[in-house]
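Dropping final.cif in here (mmCIF, C-alpha atoms and all ligand atoms):
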```
data_entry
#
loop_
_atom_site.group_PDB
_atom_site.id
_atom_site.type_symbol
_atom_site.label_atom_id
_atom_site.label_comp_id
_atom_site.auth_asym_id
_atom_site.auth_seq_id
_atom_site.Cartn_x
_atom_site.Cartn_y
_atom_site.Cartn_z
ATOM 1 C CA MET A 216 30.837 77.721 164.352
ATOM 2 C CA GLU A 217 29.904 79.002 167.795
ATOM 3 C CA GLN A 218 26.295 78.255 168.616
ATOM 4 C CA ALA A 219 23.805 77.824 171.454
ATOM 5 C CA THR A 220 21.942 74.686 172.445
ATOM 6 C CA LEU A 221 19.215 73.920 174.960
ATOM 7 C CA VAL A 222 19.619 71.167 177.513
ATOM 8 C CA ILE A 223 16.823 70.196 179.882
ATOM 9 C CA ILE A 224 17.472 67.934 182.845
ATOM 10 C CA LYS A 225 14.139 66.091 182.827
ATOM 11 C CA PRO A 226 12.069 65.200 185.952
ATOM 12 C CA ASP A 227 13.765 61.772 186.317
ATOM 13 C CA GLY A 228 17.171 63.487 186.405
ATOM 14 C CA LEU A 229 16.060 65.667 189.321
ATOM 15 C CA LYS A 230 14.138 62.880 191.068
ATOM 16 C CA LYS A 231 17.167 60.577 190.900
ATOM 17 C CA SER A 232 19.402 63.390 192.207
ATOM 18 C CA LEU A 233 21.549 63.251 189.069
ATOM 19 C CA THR A 234 21.913 67.008 188.508
ATOM 20 C CA GLY A 235 25.547 67.105 189.651
ATOM 21 C CA ASN A 236 26.527 64.014 187.656
ATOM 22 C CA ILE A 237 24.886 65.365 184.497
ATOM 23 C CA LEU A 238 26.469 68.822 184.810
ATOM 24 C CA THR A 239 29.862 67.189 185.400
ATOM 25 C CA ARG A 240 29.498 65.086 182.254
ATOM 26 C CA LEU A 241 28.385 68.141 180.248
ATOM 27 C CA SER A 242 31.374 70.140 181.515
ATOM 28 C CA GLU A 243 33.600 67.723 179.554
ATOM 29 C CA THR A 244 32.449 69.639 176.457
ATOM 30 C CA LYS A 245 34.178 72.818 177.760
ATOM 31 C CA LEU A 246 31.128 74.747 176.571
ATOM 32 C CA LYS A 247 29.905 77.815 178.505
ATOM 33 C CA ILE A 248 26.646 77.840 180.446
ATOM 34 C CA ILE A 249 24.915 81.108 179.466
ATOM 35 C CA GLY A 250 21.496 80.376 181.005
ATOM 36 C CA ALA A 251 20.202 78.128 183.781
ATOM 37 C CA LYS A 252 17.085 77.884 185.899
ATOM 38 C CA VAL A 253 14.584 75.531 187.532
ATOM 39 C CA VAL A 254 11.080 75.511 186.071
ATOM 40 C CA ALA A 255 7.788 73.853 187.042
ATOM 41 C CA VAL A 256 6.521 72.596 183.676
ATOM 42 C CA THR A 257 2.901 73.381 182.817
ATOM 43 C CA GLU A 258 0.802 71.340 180.388
ATOM 44 C CA ASP A 259 0.981 74.254 177.937
ATOM 45 C CA LEU A 260 4.786 74.525 178.065
ATOM 46 C CA GLY A 261 5.201 70.741 177.693
ATOM 47 C CA LYS A 262 2.878 70.697 174.671
ATOM 48 C CA LYS A 263 4.738 73.582 173.036
ATOM 49 C CA HIS A 264 8.131 71.995 173.650
ATOM 50 C CA TYR A 265 7.111 68.679 172.075
ATOM 51 C CA SER A 266 4.581 70.083 169.545
ATOM 52 C CA HIS A 267 6.395 68.384 166.625
ATOM 53 C CA LEU A 268 5.707 64.980 168.230
ATOM 54 C CA GLN A 269 1.986 65.462 168.862
ATOM 55 C CA ASP A 270 0.987 62.777 166.332
ATOM 56 C CA GLN A 271 3.262 60.121 167.846
ATOM 57 C CA PRO A 272 1.615 57.252 169.765
ATOM 58 C CA PHE A 273 3.787 58.028 172.810
ATOM 59 C CA PHE A 274 2.846 61.741 172.932
ATOM 60 C CA ASP A 275 0.433 61.525 175.913
ATOM 61 C CA GLU A 276 2.971 59.551 177.938
ATOM 62 C CA LEU A 277 5.728 61.969 176.898
ATOM 63 C CA LEU A 278 3.610 64.895 178.105
ATOM 64 C CA LYS A 279 3.086 63.153 181.468
ATOM 65 C CA TYR A 280 6.852 62.628 181.616
ATOM 66 C CA ILE A 281 7.969 66.205 180.898
ATOM 67 C CA THR A 282 5.267 67.744 183.139
ATOM 68 C CA GLY A 283 6.437 65.498 185.991
ATOM 69 C CA LYS A 284 3.280 63.416 186.376
ATOM 70 C CA LEU A 285 5.256 60.168 186.013
ATOM 71 C CA HIS A 286 7.649 61.097 188.792
ATOM 72 C CA GLY A 287 5.612 63.289 191.162
ATOM 73 C CA GLU A 288 8.252 65.896 190.370
ATOM 74 C CA ASN A 289 7.333 68.733 188.045
ATOM 75 C CA ARG A 290 10.682 70.493 188.207
ATOM 76 C CA VAL A 291 13.035 70.456 185.281
ATOM 77 C CA MET A 292 16.322 72.297 184.814
ATOM 78 C CA PRO A 293 16.732 74.077 181.480
ATOM 79 C CA LEU A 294 20.257 75.207 180.575
ATOM 80 C CA VAL A 295 21.702 77.005 177.583
ATOM 81 C CA TYR A 296 25.207 75.976 176.518
ATOM 82 C CA TRP A 297 27.280 78.113 174.160
ATOM 83 C CA GLY A 298 30.401 77.416 172.121
ATOM 84 C CA GLU A 299 31.990 75.791 169.112
ATOM 85 C CA ASN A 300 29.793 73.037 167.669
ATOM 86 C CA ALA A 301 27.701 73.056 170.856
ATOM 87 C CA ILE A 302 24.729 71.141 169.432
ATOM 88 C CA ASN A 303 26.728 68.102 168.303
ATOM 89 C CA LYS A 304 29.021 68.131 171.334
ATOM 90 C CA VAL A 305 26.040 67.953 173.697
ATOM 91 C CA ARG A 306 24.145 65.384 171.586
ATOM 92 C CA GLU A 307 27.261 63.184 171.603
ATOM 93 C CA ILE A 308 27.614 63.211 175.385
ATOM 94 C CA ALA A 309 23.813 62.843 175.787
ATOM 95 C CA GLY A 310 23.755 59.650 173.719
ATOM 96 C CA ALA A 311 21.059 58.017 171.599
ATOM 97 C CA THR A 312 17.362 58.708 172.232
ATOM 98 C CA ASN A 313 16.744 55.058 173.126
ATOM 99 C CA PRO A 314 18.705 54.467 176.368
ATOM 100 C CA GLU A 315 19.070 50.775 175.546
ATOM 101 C CA GLU A 316 20.849 51.654 172.318
ATOM 102 C CA ALA A 317 22.803 54.543 173.808
ATOM 103 C CA ASN A 318 26.509 54.012 174.405
ATOM 104 C CA PRO A 319 26.822 53.132 178.143
ATOM 105 C CA VAL A 320 29.353 55.929 178.715
ATOM 106 C CA THR A 321 26.870 58.581 177.558
ATOM 107 C CA ILE A 322 24.428 60.285 179.941
ATOM 108 C CA ARG A 323 21.403 58.460 178.539
ATOM 109 C CA GLY A 324 23.304 55.162 178.334
ATOM 110 C CA ALA A 325 24.377 55.439 181.964
ATOM 111 C CA TYR A 326 21.204 56.813 183.548
ATOM 112 C CA GLY A 327 18.278 56.207 181.169
ATOM 113 C CA ARG A 328 15.817 53.327 181.080
ATOM 114 C CA ILE A 329 12.810 52.152 179.088
ATOM 115 C CA LEU A 330 9.540 52.143 181.004
ATOM 116 C CA THR A 331 7.043 49.251 180.778
ATOM 117 C CA SER A 332 4.867 51.608 178.694
ATOM 118 C CA GLY A 333 7.710 51.748 176.177
ATOM 119 C CA LEU A 334 8.569 55.388 176.910
ATOM 120 C CA PHE A 335 12.254 56.288 176.795
ATOM 121 C CA GLU A 336 13.021 57.826 180.187
ATOM 122 C CA ASN A 337 16.314 59.322 179.114
ATOM 123 C CA VAL A 338 17.207 61.947 181.738
ATOM 124 C CA ILE A 339 18.001 64.899 179.453
ATOM 125 C CA HIS A 340 16.746 66.771 176.428
ATOM 126 C CA ALA A 341 19.246 68.254 173.950
ATOM 127 C CA SER A 342 18.455 70.363 170.863
ATOM 128 C CA SER A 343 19.234 68.588 167.600
ATOM 129 C CA SER A 344 19.620 71.521 165.153
ATOM 130 C CA SER A 345 20.231 75.260 165.307
ATOM 131 C CA ASP A 346 16.622 75.997 164.268
ATOM 132 C CA GLU A 347 15.358 73.709 167.032
ATOM 133 C CA ALA A 348 17.778 75.288 169.535
ATOM 134 C CA GLU A 349 16.528 78.794 168.676
ATOM 135 C CA ARG A 350 12.860 77.807 168.965
ATOM 136 C CA GLU A 351 13.445 76.007 172.264
ATOM 137 C CA ILE A 352 15.686 78.641 173.878
ATOM 138 C CA LYS A 353 13.083 81.304 173.036
ATOM 139 C CA LEU A 354 10.374 79.086 174.543
ATOM 140 C CA TRP A 355 12.166 78.391 177.845
ATOM 141 C CA PHE A 356 14.167 81.616 178.406
ATOM 142 C CA SER A 357 13.578 85.378 178.272
ATOM 143 C CA PRO A 358 16.358 87.538 176.801
ATOM 144 C CA VAL A 359 17.191 88.846 180.322
ATOM 145 C CA ASP A 360 17.857 85.284 181.539
ATOM 146 C CA ILE A 361 20.678 84.763 179.042
ATOM 147 C CA SER A 362 24.106 86.169 179.877
ATOM 148 C CA ARG A 363 25.103 87.149 176.327
ATOM 149 C CA PRO A 364 23.326 88.580 173.272
ATOM 150 C CA LEU A 365 21.937 85.631 171.329
ATOM 151 C CA TYR A 366 18.994 86.467 169.069
ATOM 152 C CA PRO A 367 17.587 89.869 168.020
ATOM 153 C CA VAL A 368 15.452 91.530 170.701
ATOM 154 C CA GLU A 369 12.986 94.403 170.801
ATOM 155 C CA GLU A 370 11.819 96.566 173.687
ATOM 156 C CA ILE A 371 8.088 96.920 174.165
ATOM 157 C CA GLU A 372 6.108 99.081 176.598
ATOM 158 C CA GLN A 373 3.660 97.085 178.665
ATOM 159 C CA PRO A 374 1.623 99.668 180.636
ATOM 160 C CA SER A 375 -1.142 97.214 181.597
ATOM 161 C CA HIS A 376 1.251 94.371 182.205
ATOM 162 C CA LYS A 377 0.989 92.671 185.620
ATOM 163 C CA GLU A 378 3.989 90.962 187.066
ATOM 164 C CA LYS A 379 4.726 89.165 190.352
ATOM 165 C CA VAL A 380 7.420 90.908 192.367
ATOM 166 C CA TRP A 381 8.781 90.166 195.862
ATOM 167 C CA ARG A 382 6.713 91.910 198.530
HETATM 168 O O1 LIG B 401 15.162 63.676 172.667
HETATM 169 P P1 LIG B 401 15.580 63.305 171.261
HETATM 170 O O2 LIG B 401 15.779 64.520 170.370
HETATM 171 O O3 LIG B 401 16.769 62.390 171.244
HETATM 172 O O4 LIG B 401 14.375 62.435 170.624
HETATM 173 P P2 LIG B 401 12.985 62.932 169.987
HETATM 174 O O5 LIG B 401 12.723 62.068 168.811
HETATM 175 O O6 LIG B 401 12.997 64.404 169.779
HETATM 176 O O7 LIG B 401 11.905 62.539 171.094
HETATM 177 C C1 LIG B 401 11.693 63.324 172.238
HETATM 178 C C2 LIG B 401 11.577 62.420 173.446
HETATM 179 O O8 LIG B 401 10.447 61.565 173.274
HETATM 180 C C3 LIG B 401 12.739 61.457 173.662
HETATM 181 O O9 LIG B 401 13.845 62.063 174.304
HETATM 182 C C4 LIG B 401 12.100 60.374 174.504
HETATM 183 O O10 LIG B 401 11.981 60.746 175.871
HETATM 184 C C5 LIG B 401 10.702 60.309 173.898
HETATM 185 N N1 LIG B 401 10.578 59.219 172.884
HETATM 186 C C6 LIG B 401 10.050 57.991 173.265
HETATM 187 O O11 LIG B 401 9.714 57.811 174.442
HETATM 188 N N2 LIG B 401 9.899 56.979 172.343
HETATM 189 C C7 LIG B 401 10.290 57.162 171.057
HETATM 190 N N3 LIG B 401 10.135 56.162 170.191
HETATM 191 C C8 LIG B 401 10.837 58.392 170.668
HETATM 192 C C9 LIG B 401 10.979 59.415 171.606
HETATM 193 MG MG MG B 402 14.411 65.904 169.720
#
```
Once you've parsed the file, please lay out its structure as structure tokens.
Ligand code: CDP
Ligand code: MG
Amino acid sequence: MEQATLVIIKPDGLKKSLTGNILTRLSETKLKIIGAKVVAVTEDLGKKHYSHLQDQPFFDELLKYITGKLHGENRVMPLVYWGENAINKVREIAGATNPEEANPVTIRGAYGRILTSGLFENVIHASSSSDEAEREIKLWFSPVDISRPLYPVEEIEQPSHKEKVWR
């Protein structure tokens, strides 16, 4: 089944200048990139992305990680990959959540580490189900940022809507 999945190159991936290496590894999947951008992660966005983990003991540290406070680097790179079995293909190349347990030839096995705090600094995020992928893609991307139709859209008038445009 063709499907979409969200990948995020986390702040450590950008800080360690691993973007090229990670994209090269992901290109082994032969999946299509249908969305890509660089985002400065706010507290609100980080909390929404990891809302299902809010009761975990590592949640505060995880929030500091994804918002860039651990690395002095609040940029992340969200990407949407599309194709046959995309979710599993990306999860396989990403490797296990715990970088110590991850196969060394996977992205997390090669580039991840465990911090003294116990946090898994594992370089990329990858959606783990199609429901999760849909929720996450809708959180990180607008319909206009995706190069193919993906989920149902609607058009709404926003007369009082303010938007930043180039001057
Ligand atoms: O990212 P993945 O789906 O593999 O794992 P998760 O269970 O959804 O957890 C999200 C992120 O929280 C992980 O990628 C790790 O960065 C972090 N985490 C951690 O530091 N310690 C754990 N015991 C579990 C997750
Ligand atoms: Mg997860």
Segment 237-239 of chain A environment, 12 Å, all atoms listed in the file, sequence neighbours closer than 2 positions dropped, as an MDAnalysis selection string:
chainID A and resid 222:225 227:229 231:235 241:248 251 292:296 305 308:309 320:323 325:327 337:340
Quick one: everything within 6 Å of Ala348 of chain A, counting all atoms listed in the file, minus sequence neighbours fewer than 5 positions away in the same chain. Send it as a tab-separated table (two decimals) with C-alpha atoms, keeping the file's coordinate frame.
```
chain	number	residue	atom	x	y	z
A	220	THR	CA	21.94	74.69	172.44
A	221	LEU	CA	19.22	73.92	174.96
A	342	SER	CA	18.45	70.36	170.86
```
Do you know which residues are within 10 Å of ligand LIG 401 (chain B) using all atoms listed in the file? Can you write them as a PyMOL selection string?
chain A and resi 222-223+225+264-265+267-268+271-274+276-278+280-281+306+309-314+323+327-330+332-344+347
Could you please determine the separation between atom CA of Glu217 of chain A and atom CA of Pro364 of chain A in Å, to one decimal place?
12.8 Å
Measure the distance from atom CA of Ser266 of chain A to atom CA of Asp360 of chain A in Å and round it to one decimal.
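One can read the atom CA of Ser266 of chain A to atom CA of Asp360 of chain A distance as 23.5 Å.
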Distance atom CA of His376 of chain A-atom CA of Val359 of chain A, one decimal place?
17.0 Å
Among listed residues A:Glu258, A:Glu370, A:Asp275, A:Glu351, nearest ligand MG 402 (chain B) (using only C-alpha atoms and all ligand atoms):
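Smallest separation from ligand MG 402 (chain B) among the options: A:Glu351.
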Produce the centre coordinates and the three edge lengths, each in Å to one decimal, of the box along x, y and z that contains all listed atoms of segment 233-245 of chain A with 4 Å added on each side, as lines of an AutoDock Vina configuration file.
```
center_x = 27.9
center_y = 68.0
center_z = 183.1
size_x = 20.6
size_y = 17.6
size_z = 21.2
```
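If you measure from each of A:Asn318, A:Pro226, A:Leu260, A:Arg240 to Leu354 of chain A using only C-alpha atoms, the closest one turns out to be A:Leu260.
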